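S.K.: Contents of entry-v5.cif (mmCIF, N, CA and C atoms) are given next:
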```cif
data_protein
loop_
_atom_site.label_atom_id
_atom_site.label_comp_id
_atom_site.auth_asym_id
_atom_site.auth_seq_id
_atom_site.Cartn_x
_atom_site.Cartn_y
_atom_site.Cartn_z
N MET Y 1 40.62 -22.03 12.88
CA MET Y 1 41.57 -22.98 13.43
C MET Y 1 41.75 -24.15 12.48
N ASN Y 2 42.95 -24.63 12.42
CA ASN Y 2 43.18 -25.76 11.53
C ASN Y 2 42.97 -27.08 12.29
N TYR Y 3 43.11 -28.15 11.57
CA TYR Y 3 42.82 -29.48 12.11
C TYR Y 3 43.72 -29.84 13.28
N GLU Y 4 44.99 -29.50 13.18
CA GLU Y 4 45.94 -29.86 14.25
C GLU Y 4 45.60 -29.14 15.56
N ASP Y 5 45.22 -27.86 15.47
CA ASP Y 5 44.84 -27.13 16.69
C ASP Y 5 43.60 -27.73 17.34
N LYS Y 6 42.63 -28.10 16.53
CA LYS Y 6 41.42 -28.71 17.08
C LYS Y 6 41.72 -30.04 17.75
N GLU Y 7 42.58 -30.82 17.14
CA GLU Y 7 42.95 -32.11 17.71
C GLU Y 7 43.66 -31.94 19.05
N ILE Y 8 44.54 -30.96 19.14
CA ILE Y 8 45.26 -30.70 20.40
C ILE Y 8 44.29 -30.25 21.47
N GLN Y 9 43.35 -29.38 21.12
CA GLN Y 9 42.39 -28.91 22.10
C GLN Y 9 41.48 -30.03 22.57
N GLU Y 10 41.08 -30.92 21.69
CA GLU Y 10 40.24 -32.04 22.10
C GLU Y 10 41.00 -33.00 23.01
N ARG Y 11 42.25 -33.18 22.71
CA ARG Y 11 43.04 -34.14 23.47
C ARG Y 11 43.43 -33.61 24.85
N PHE Y 12 43.87 -32.34 24.92
CA PHE Y 12 44.40 -31.81 26.18
C PHE Y 12 43.51 -30.74 26.81
N GLY Y 13 42.56 -30.20 26.09
CA GLY Y 13 41.70 -29.17 26.63
C GLY Y 13 42.31 -27.79 26.45
N LYS Y 14 41.55 -26.78 26.90
CA LYS Y 14 42.01 -25.41 26.75
C LYS Y 14 42.73 -24.89 27.98
N GLU Y 15 42.71 -25.63 29.04
CA GLU Y 15 43.29 -25.17 30.29
C GLU Y 15 44.82 -25.26 30.23
N ASN Y 16 45.50 -24.26 30.76
CA ASN Y 16 46.96 -24.22 30.78
C ASN Y 16 47.47 -25.14 31.89
N PRO Y 17 48.29 -26.15 31.58
CA PRO Y 17 48.74 -27.09 32.60
C PRO Y 17 49.88 -26.55 33.46
N PHE Y 18 50.46 -25.45 33.09
CA PHE Y 18 51.59 -24.90 33.84
C PHE Y 18 51.09 -23.94 34.90
N ARG Y 19 51.64 -24.08 36.11
CA ARG Y 19 51.21 -23.23 37.22
C ARG Y 19 52.45 -22.72 37.96
N VAL Y 20 52.30 -21.53 38.52
CA VAL Y 20 53.37 -20.94 39.33
C VAL Y 20 53.13 -21.35 40.77
N PRO Y 21 54.18 -21.78 41.48
CA PRO Y 21 54.00 -22.16 42.88
C PRO Y 21 53.50 -20.97 43.72
N GLU Y 22 52.76 -21.29 44.75
CA GLU Y 22 52.21 -20.26 45.64
C GLU Y 22 53.34 -19.46 46.28
N GLY Y 23 53.24 -18.13 46.25
CA GLY Y 23 54.21 -17.24 46.90
C GLY Y 23 55.53 -17.13 46.17
N TYR Y 24 55.59 -17.57 44.92
CA TYR Y 24 56.87 -17.54 44.19
C TYR Y 24 57.36 -16.12 43.97
N PHE Y 25 56.48 -15.23 43.56
CA PHE Y 25 56.89 -13.86 43.28
C PHE Y 25 56.95 -12.98 44.52
N ASP Y 26 56.48 -13.45 45.67
CA ASP Y 26 56.49 -12.65 46.89
C ASP Y 26 57.91 -12.36 47.36
N GLN Y 27 58.78 -13.35 47.30
CA GLN Y 27 60.13 -13.17 47.80
C GLN Y 27 61.18 -13.35 46.70
N LEU Y 28 60.78 -13.16 45.47
CA LEU Y 28 61.70 -13.34 44.35
C LEU Y 28 62.85 -12.33 44.41
N THR Y 29 62.56 -11.09 44.70
CA THR Y 29 63.60 -10.06 44.74
C THR Y 29 64.65 -10.38 45.79
N GLU Y 30 64.22 -10.79 46.98
CA GLU Y 30 65.17 -11.10 48.05
C GLU Y 30 66.05 -12.29 47.67
N ARG Y 31 65.47 -13.30 47.03
CA ARG Y 31 66.27 -14.47 46.65
C ARG Y 31 67.31 -14.12 45.59
N VAL Y 32 66.92 -13.33 44.61
CA VAL Y 32 67.86 -12.94 43.56
C VAL Y 32 68.98 -12.10 44.14
N MET Y 33 68.64 -11.15 44.99
CA MET Y 33 69.66 -10.28 45.59
C MET Y 33 70.61 -11.07 46.48
N SER Y 34 70.11 -12.10 47.17
CA SER Y 34 70.98 -12.88 48.04
C SER Y 34 71.96 -13.75 47.23
N GLN Y 35 71.63 -14.08 46.00
CA GLN Y 35 72.51 -14.89 45.17
C GLN Y 35 73.57 -14.08 44.44
N LEU Y 36 73.41 -12.76 44.40
CA LEU Y 36 74.41 -11.93 43.74
C LEU Y 36 75.64 -11.81 44.62
N PRO Y 37 76.84 -11.77 43.99
CA PRO Y 37 78.05 -11.61 44.80
C PRO Y 37 78.12 -10.21 45.40
N GLU Y 38 78.66 -10.15 46.59
CA GLU Y 38 78.78 -8.86 47.27
C GLU Y 38 79.96 -8.09 46.68
N ARG Y 39 79.79 -6.80 46.51
CA ARG Y 39 80.90 -5.96 46.09
C ARG Y 39 80.77 -4.63 46.80
N GLU Y 40 81.91 -4.07 47.03
CA GLU Y 40 81.93 -2.79 47.73
C GLU Y 40 81.56 -1.69 46.75
N GLN Y 41 80.78 -0.80 47.23
CA GLN Y 41 80.42 0.33 46.39
C GLN Y 41 81.49 1.38 46.55
N GLN Y 42 82.15 1.64 45.44
CA GLN Y 42 83.22 2.62 45.46
C GLN Y 42 82.69 3.91 44.87
N ALA Y 43 82.84 4.93 45.64
CA ALA Y 43 82.42 6.24 45.17
C ALA Y 43 83.55 6.82 44.33
N GLU Y 44 83.23 7.22 43.13
CA GLU Y 44 84.24 7.80 42.27
C GLU Y 44 84.38 9.27 42.63
N HIS Y 45 85.60 9.62 42.90
CA HIS Y 45 85.89 11.01 43.25
C HIS Y 45 86.54 11.68 42.05
N ILE Y 46 85.79 12.50 41.38
CA ILE Y 46 86.30 13.25 40.25
C ILE Y 46 86.38 14.70 40.67
N SER Y 47 87.52 15.28 40.41
CA SER Y 47 87.69 16.67 40.82
C SER Y 47 86.77 17.57 40.00
N LEU Y 48 86.53 18.73 40.54
CA LEU Y 48 85.63 19.67 39.91
C LEU Y 48 86.17 20.15 38.57
N THR Y 49 87.49 20.32 38.47
CA THR Y 49 88.07 20.78 37.20
C THR Y 49 87.94 19.72 36.12
N GLU Y 50 88.08 18.42 36.49
CA GLU Y 50 87.91 17.36 35.51
C GLU Y 50 86.48 17.32 35.01
N ARG Y 51 85.52 17.52 35.89
CA ARG Y 51 84.12 17.53 35.48
C ARG Y 51 83.85 18.67 34.52
N ARG Y 52 84.42 19.85 34.82
CA ARG Y 52 84.19 21.01 33.95
C ARG Y 52 84.80 20.78 32.58
N SER Y 53 86.02 20.23 32.54
CA SER Y 53 86.66 20.03 31.23
C SER Y 53 85.90 18.99 30.41
N LYS Y 54 85.42 17.93 31.07
CA LYS Y 54 84.63 16.94 30.35
C LYS Y 54 83.31 17.54 29.86
N SER Y 55 82.68 18.32 30.68
CA SER Y 55 81.40 18.89 30.28
C SER Y 55 81.59 19.90 29.15
N ARG Y 56 82.72 20.60 29.11
CA ARG Y 56 82.97 21.53 28.01
C ARG Y 56 83.12 20.77 26.70
N TRP Y 57 83.86 19.65 26.72
CA TRP Y 57 84.02 18.87 25.50
C TRP Y 57 82.69 18.28 25.05
N VAL Y 58 81.91 17.86 26.01
CA VAL Y 58 80.60 17.30 25.66
C VAL Y 58 79.72 18.37 25.04
N ALA Y 59 79.80 19.59 25.55
CA ALA Y 59 78.99 20.68 25.01
C ALA Y 59 79.51 21.14 23.65
N LEU Y 60 80.82 21.06 23.43
CA LEU Y 60 81.39 21.50 22.16
C LEU Y 60 81.34 20.44 21.07
N ARG Y 61 81.08 19.21 21.43
CA ARG Y 61 81.12 18.12 20.47
C ARG Y 61 80.22 18.34 19.25
N PRO Y 62 78.95 18.74 19.39
CA PRO Y 62 78.12 18.96 18.19
C PRO Y 62 78.68 20.07 17.29
N TRP Y 63 79.23 21.12 17.89
CA TRP Y 63 79.79 22.21 17.10
C TRP Y 63 81.04 21.74 16.34
N LEU Y 64 81.84 20.90 16.98
CA LEU Y 64 83.03 20.38 16.31
C LEU Y 64 82.63 19.47 15.15
N TYR Y 65 81.61 18.66 15.33
CA TYR Y 65 81.13 17.81 14.25
C TYR Y 65 80.62 18.65 13.08
N ALA Y 66 79.86 19.68 13.38
CA ALA Y 66 79.33 20.55 12.33
C ALA Y 66 80.47 21.24 11.58
N ALA Y 67 81.48 21.71 12.30
CA ALA Y 67 82.62 22.38 11.66
C ALA Y 67 83.38 21.39 10.76
N ALA Y 68 83.56 20.17 11.22
CA ALA Y 68 84.25 19.16 10.41
C ALA Y 68 83.46 18.86 9.13
N CYS Y 69 82.15 18.79 9.23
CA CYS Y 69 81.33 18.55 8.04
C CYS Y 69 81.44 19.70 7.05
N ILE Y 70 81.42 20.93 7.55
CA ILE Y 70 81.53 22.10 6.68
C ILE Y 70 82.88 22.11 5.98
N VAL Y 71 83.94 21.83 6.72
CA VAL Y 71 85.28 21.80 6.12
C VAL Y 71 85.35 20.72 5.05
N ALA Y 72 84.77 19.55 5.30
CA ALA Y 72 84.79 18.47 4.31
C ALA Y 72 84.04 18.87 3.04
N VAL Y 73 82.90 19.52 3.18
CA VAL Y 73 82.12 19.94 2.01
C VAL Y 73 82.89 21.00 1.22
N VAL Y 74 83.52 21.94 1.90
CA VAL Y 74 84.28 22.98 1.22
C VAL Y 74 85.46 22.37 0.47
N VAL Y 75 86.18 21.45 1.11
CA VAL Y 75 87.32 20.82 0.46
C VAL Y 75 86.88 20.04 -0.78
N MET Y 76 85.78 19.28 -0.67
CA MET Y 76 85.30 18.54 -1.83
C MET Y 76 84.86 19.48 -2.94
N GLY Y 77 84.19 20.58 -2.59
CA GLY Y 77 83.76 21.55 -3.60
C GLY Y 77 84.93 22.19 -4.31
N LEU Y 78 85.95 22.59 -3.56
CA LEU Y 78 87.12 23.19 -4.18
C LEU Y 78 87.87 22.20 -5.05
N THR Y 79 87.94 20.96 -4.61
CA THR Y 79 88.60 19.93 -5.42
C THR Y 79 87.86 19.74 -6.73
N PHE Y 80 86.56 19.67 -6.68
CA PHE Y 80 85.76 19.50 -7.89
C PHE Y 80 85.91 20.71 -8.80
N LEU Y 81 85.89 21.91 -8.23
CA LEU Y 81 86.00 23.14 -9.01
C LEU Y 81 87.36 23.22 -9.71
N PHE Y 82 88.43 22.96 -8.97
CA PHE Y 82 89.76 23.05 -9.56
C PHE Y 82 90.01 21.92 -10.56
N ARG Y 83 89.42 20.78 -10.36
CA ARG Y 83 89.58 19.67 -11.30
C ARG Y 83 88.94 20.04 -12.64
N GLU Y 84 87.74 20.65 -12.59
CA GLU Y 84 87.08 21.05 -13.82
C GLU Y 84 87.87 22.13 -14.55
N SER Y 85 88.37 23.13 -13.80
CA SER Y 85 89.13 24.19 -14.46
C SER Y 85 90.43 23.66 -15.03
N ALA Y 86 91.06 22.69 -14.36
CA ALA Y 86 92.29 22.09 -14.90
C ALA Y 86 91.98 21.30 -16.17
N GLU Y 87 90.87 20.59 -16.19
CA GLU Y 87 90.49 19.84 -17.39
C GLU Y 87 90.18 20.79 -18.54
N GLU Y 88 89.51 21.91 -18.25
CA GLU Y 88 89.21 22.88 -19.30
C GLU Y 88 90.49 23.48 -19.86
N GLN Y 89 91.44 23.79 -18.97
CA GLN Y 89 92.71 24.34 -19.43
C GLN Y 89 93.45 23.32 -20.28
N HIS Y 90 93.44 22.08 -19.86
CA HIS Y 90 94.11 21.04 -20.62
C HIS Y 90 93.45 20.87 -21.99
N LEU Y 91 92.13 20.89 -22.01
CA LEU Y 91 91.41 20.76 -23.26
C LEU Y 91 91.70 21.94 -24.17
N ALA Y 92 91.73 23.14 -23.60
CA ALA Y 92 92.02 24.34 -24.40
C ALA Y 92 93.43 24.29 -24.96
N SER Y 93 94.38 23.81 -24.18
CA SER Y 93 95.77 23.76 -24.67
C SER Y 93 95.92 22.71 -25.75
N THR Y 94 95.21 21.60 -25.66
CA THR Y 94 95.33 20.57 -26.70
C THR Y 94 94.63 21.00 -27.98
N THR Y 95 93.52 21.72 -27.91
CA THR Y 95 92.83 22.15 -29.13
C THR Y 95 93.60 23.27 -29.81
N ASN Y 96 94.30 24.10 -29.08
CA ASN Y 96 95.08 25.17 -29.69
C ASN Y 96 96.29 24.63 -30.43
N THR Y 97 96.90 23.58 -29.94
CA THR Y 97 98.10 23.04 -30.58
C THR Y 97 97.77 22.15 -31.76
N THR Y 98 96.62 21.53 -31.76
CA THR Y 98 96.25 20.62 -32.84
C THR Y 98 95.02 21.13 -33.57
N THR Y 99 95.17 22.20 -34.31
CA THR Y 99 94.02 22.76 -35.02
C THR Y 99 93.70 21.97 -36.28
N THR Y 100 94.65 21.19 -36.78
CA THR Y 100 94.40 20.44 -38.00
C THR Y 100 93.73 19.10 -37.74
N ALA Y 101 93.58 18.68 -36.46
CA ALA Y 101 92.97 17.40 -36.15
C ALA Y 101 91.48 17.46 -36.42
N PRO Y 102 90.90 16.39 -36.90
CA PRO Y 102 89.46 16.39 -37.18
C PRO Y 102 88.67 16.46 -35.87
N ASN Y 103 87.50 17.01 -35.97
CA ASN Y 103 86.63 17.15 -34.80
C ASN Y 103 85.93 15.82 -34.55
N THR Y 104 86.41 15.05 -33.60
CA THR Y 104 85.87 13.72 -33.37
C THR Y 104 84.51 13.76 -32.70
N GLU Y 105 84.25 14.80 -31.94
CA GLU Y 105 82.95 14.89 -31.26
C GLU Y 105 81.83 15.04 -32.27
N SER Y 106 82.00 15.91 -33.26
CA SER Y 106 80.94 16.09 -34.26
C SER Y 106 80.80 14.83 -35.11
N GLN Y 107 81.89 14.13 -35.37
CA GLN Y 107 81.82 12.88 -36.12
C GLN Y 107 81.02 11.83 -35.34
N TYR Y 108 81.24 11.79 -34.03
CA TYR Y 108 80.50 10.85 -33.19
C TYR Y 108 79.01 11.18 -33.21
N ILE Y 109 78.68 12.46 -33.12
CA ILE Y 109 77.27 12.87 -33.14
C ILE Y 109 76.64 12.53 -34.48
N ASP Y 110 77.37 12.73 -35.57
CA ASP Y 110 76.84 12.38 -36.88
C ASP Y 110 76.59 10.88 -36.99
N ASP Y 111 77.53 10.08 -36.52
CA ASP Y 111 77.34 8.62 -36.57
C ASP Y 111 76.14 8.20 -35.73
N ALA Y 112 75.99 8.80 -34.55
CA ALA Y 112 74.85 8.46 -33.69
C ALA Y 112 73.54 8.86 -34.35
N ALA Y 113 73.50 10.02 -34.98
CA ALA Y 113 72.28 10.47 -35.66
C ALA Y 113 71.93 9.53 -36.80
N ASP Y 114 72.96 9.12 -37.56
CA ASP Y 114 72.69 8.17 -38.66
C ASP Y 114 72.15 6.85 -38.13
N TYR Y 115 72.70 6.38 -37.03
CA TYR Y 115 72.25 5.11 -36.46
C TYR Y 115 70.81 5.20 -35.97
N VAL Y 116 70.45 6.33 -35.35
CA VAL Y 116 69.10 6.49 -34.80
C VAL Y 116 68.07 6.58 -35.92
N MET Y 117 68.45 7.09 -37.07
CA MET Y 117 67.49 7.28 -38.16
C MET Y 117 67.19 5.99 -38.92
N LEU Y 118 67.82 4.88 -38.57
CA LEU Y 118 67.53 3.61 -39.24
C LEU Y 118 66.17 3.10 -38.80
N ASP Y 119 65.40 2.58 -39.75
CA ASP Y 119 64.14 1.94 -39.38
C ASP Y 119 64.36 0.43 -39.32
N ASN Y 120 63.34 -0.31 -38.97
CA ASN Y 120 63.47 -1.76 -38.78
C ASN Y 120 63.91 -2.48 -40.05
N ALA Y 121 63.39 -2.07 -41.19
CA ALA Y 121 63.74 -2.73 -42.44
C ALA Y 121 65.23 -2.58 -42.73
N GLU Y 122 65.78 -1.39 -42.49
CA GLU Y 122 67.20 -1.17 -42.73
C GLU Y 122 68.06 -1.97 -41.75
N ILE Y 123 67.59 -2.08 -40.51
CA ILE Y 123 68.34 -2.86 -39.50
C ILE Y 123 68.36 -4.32 -39.90
N TYR Y 124 67.20 -4.86 -40.36
CA TYR Y 124 67.15 -6.26 -40.79
C TYR Y 124 68.05 -6.48 -42.01
N ALA Y 125 68.07 -5.50 -42.90
CA ALA Y 125 68.91 -5.63 -44.09
C ALA Y 125 70.38 -5.63 -43.70
N CYS Y 126 70.77 -4.79 -42.77
CA CYS Y 126 72.17 -4.77 -42.29
C CYS Y 126 72.53 -6.08 -41.63
N LEU Y 127 71.62 -6.61 -40.84
CA LEU Y 127 71.88 -7.89 -40.17
C LEU Y 127 71.99 -9.03 -41.17
N ALA Y 128 71.14 -9.01 -42.20
CA ALA Y 128 71.17 -10.06 -43.20
C ALA Y 128 72.47 -10.00 -44.00
N GLU Y 129 72.95 -8.79 -44.28
CA GLU Y 129 74.20 -8.63 -45.03
C GLU Y 129 75.39 -9.12 -44.21
N SER Y 130 75.35 -8.88 -42.90
CA SER Y 130 76.49 -9.26 -42.05
C SER Y 130 76.56 -10.77 -41.87
N GLU Y 131 75.43 -11.47 -42.02
CA GLU Y 131 75.42 -12.93 -41.88
C GLU Y 131 76.00 -13.61 -43.11
N LEU Y 132 75.90 -12.98 -44.26
CA LEU Y 132 76.38 -13.59 -45.50
C LEU Y 132 77.86 -13.58 -45.58
#
```
Rewrite the structure from the file as structure tokens, please.
M.R.:
Amino acid sequence: MNYEDKEIQERFGKENPFRVPEGYFDQLTERVMSQLPEREQQAEHISLTERRSKSRWVALRPWLYAAACIVAVVVMGLTFLFRESAEEQHLASTTNTTTTAPNTESQYIDDAADYVMLDNAEIYACLAESEL
């Protein structure tokens, strides 16, 4: 316990000063119910066919959700598949028409390999040259 708790206990004691009046909970339910506004209880009359149609939809709801998820996955898969094949066809058509163009992908790989093979001394030398 910290100092403040000890001081409070010394000043007021450990006994709880709050008390519930005698018999308070004995008639609490009756008092609360008497304060509520009165309303007529209306029995809802739903025909048997309406209950059956609602219960069928409730029973079919999980199956409909599952079917919707499957359709969404299939549509996304087909979209991805056709997008890749269209890109491949486009790439194939551009490489066939421009056979004289340099291969930029291999040039990029060569540049990256050259960059990776630099050691710290060469990097410092490049930086020093660029500052001059």
S.K.: Would you mind reading off the distance between atom CA of Glu22 of chain Y and atom C of Gln9 of chain Y, one decimal, in Å?
M.R.: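 Going from atom CA of Glu22 of chain Y over to atom C of Gln9 of chain Y covers 27.3 Å.
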S.K.: Rounded to one decimal in Å, what is the spacing between atom C of Ala121 of chain Y and atom CA of Tyr108 of chain Y?
M.R.: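 Spanning atom C of Ala121 of chain Y to atom CA of Tyr108 of chain Y is a straight-line distance of 22.5 Å.
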S.K.: In Å, with one decimal, what is the gap from atom CA of Ala68 of chain Y to atom CA of Glu87 of chain Y?
M.R.: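 Computing the Euclidean distance for atom CA of Ala68 of chain Y and atom CA of Glu87 of chain Y yields 28.5 Å.
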